[in-house]
Amino acid sequence: MTISRSKLFLGIDPGKQGAAVLLRGDGSLVSSRKLPHIGKNLDLRALGAWLETICWDEGCSSDSICAAVEALGTRPSPKMGASSAITMGTNWGRLDGFLTGLGCRYDIIQPKKWQTEVCPGGGDPKPRSIAACKRLIPALDLTPGRKVKPDDNIADAGLIAEYCRRVLGGRQETRTTKAR
């Protein structure tokens with residue numbers, strides 16, 4: 001089966017304060033949003049409606065989206081309780097199933113992998129991510145609403161989308177055909 005080249009590139013930072021960013025093939029910003037939640041659970045209906053509206057506006061379908069989702073760490077943070085870790089894992093799994101159901105190509109990316117490609121360097125990755133995002137995707141609003149401090153989750157999602165565009169954009173395989 002031959003899959004056409006992607007038209008849109010979706011980057012997702014899947015944490016509780018996570019975000020999603022869509023870029024076009026030329027790197028221009030299509031849209032961004034914080035991940036919607038109902039209580040502690042990811043709101044897949046709202047996320048699906050957002051993507052459907054964008055695909056309609058861009059004249060494409062969800063199978064022309066190439067997505068990259070940041071992988072969760074294998075161990076939860078020492079500050080995170082067991083219940084929070086389970087909720088985070090559940091939401092991540094729901095997101096994995098959601099993307100599979102959409103029929104879009106996607107991959108799970110380790111943070112170091114996308115950071116090495118789009119914001120290399122040492123030290124704290126959060127300021128590096130914000131600086132790189134401002135440089136690479138200047139149209140992306142990192143301070144939505146009344147925020148003053150840049151949101152590193154939106155910056156990460158933007159850079160994951162940029163990684164997806166640069167690295168995964170030409171690949172022809174789907175997540176469901178890759179070995180886990």
# chains A, B, ... in the order shown; residues from 1 in each chain; ligands from 1
>>> select_by_dssp(residues="chain A", states="helix (DSSP H, G or I)", output="ChimeraX atom specification")
/A:44-58,62-64,82-102,111-118,125-136,152-168,175-177
>>> residues_around(residues="segment 13-23 of chain A", least_positions_apart="6", cutoff="10 Å", atoms="only C-alpha atoms", output="PyMOL selection string")
chain A and resi 7+29-37+40-42+47+51+54+65-72+84+87-89+91-92+95+111+137+140+151-162+164-165
>>> residues_around(residues="Cys104 of chain A", least_positions_apart="2", cutoff="7 Å", atoms="only C-alpha atoms", output="list in words")
Ser62, Asp63, Ser64, Ile65, Cys66, Leu99, Thr100, Leu102 and Tyr106 of chain A
>>> atom_distance(atom1="atom CA of Gly93 of chain A", atom2="atom CA of Leu10 of chain A")
17.2 Å
>>> atom_distance(atom1="atom CA of Gly27 of chain A", atom2="atom CA of Lys112 of chain A")
21.3 Å
>>> closest_residue(among="A:Phe98, A:Phe9, A:Leu136, A:Ile86", to="Ala46 of chain A", atoms="only C-alpha atoms")
A:Phe98
>>> select_by_dssp(residues="segment 7-149 of chain A", states="strand (DSSP E)", output="ChimeraX atom specification")
/A:8-13,19-24,29-34,37-38,41-42,65-70,105-109
>>> atom_distance(atom1="atom CA of Gly169 of chain A", atom2="atom CA of Gly25 of chain A")
8.2 Å
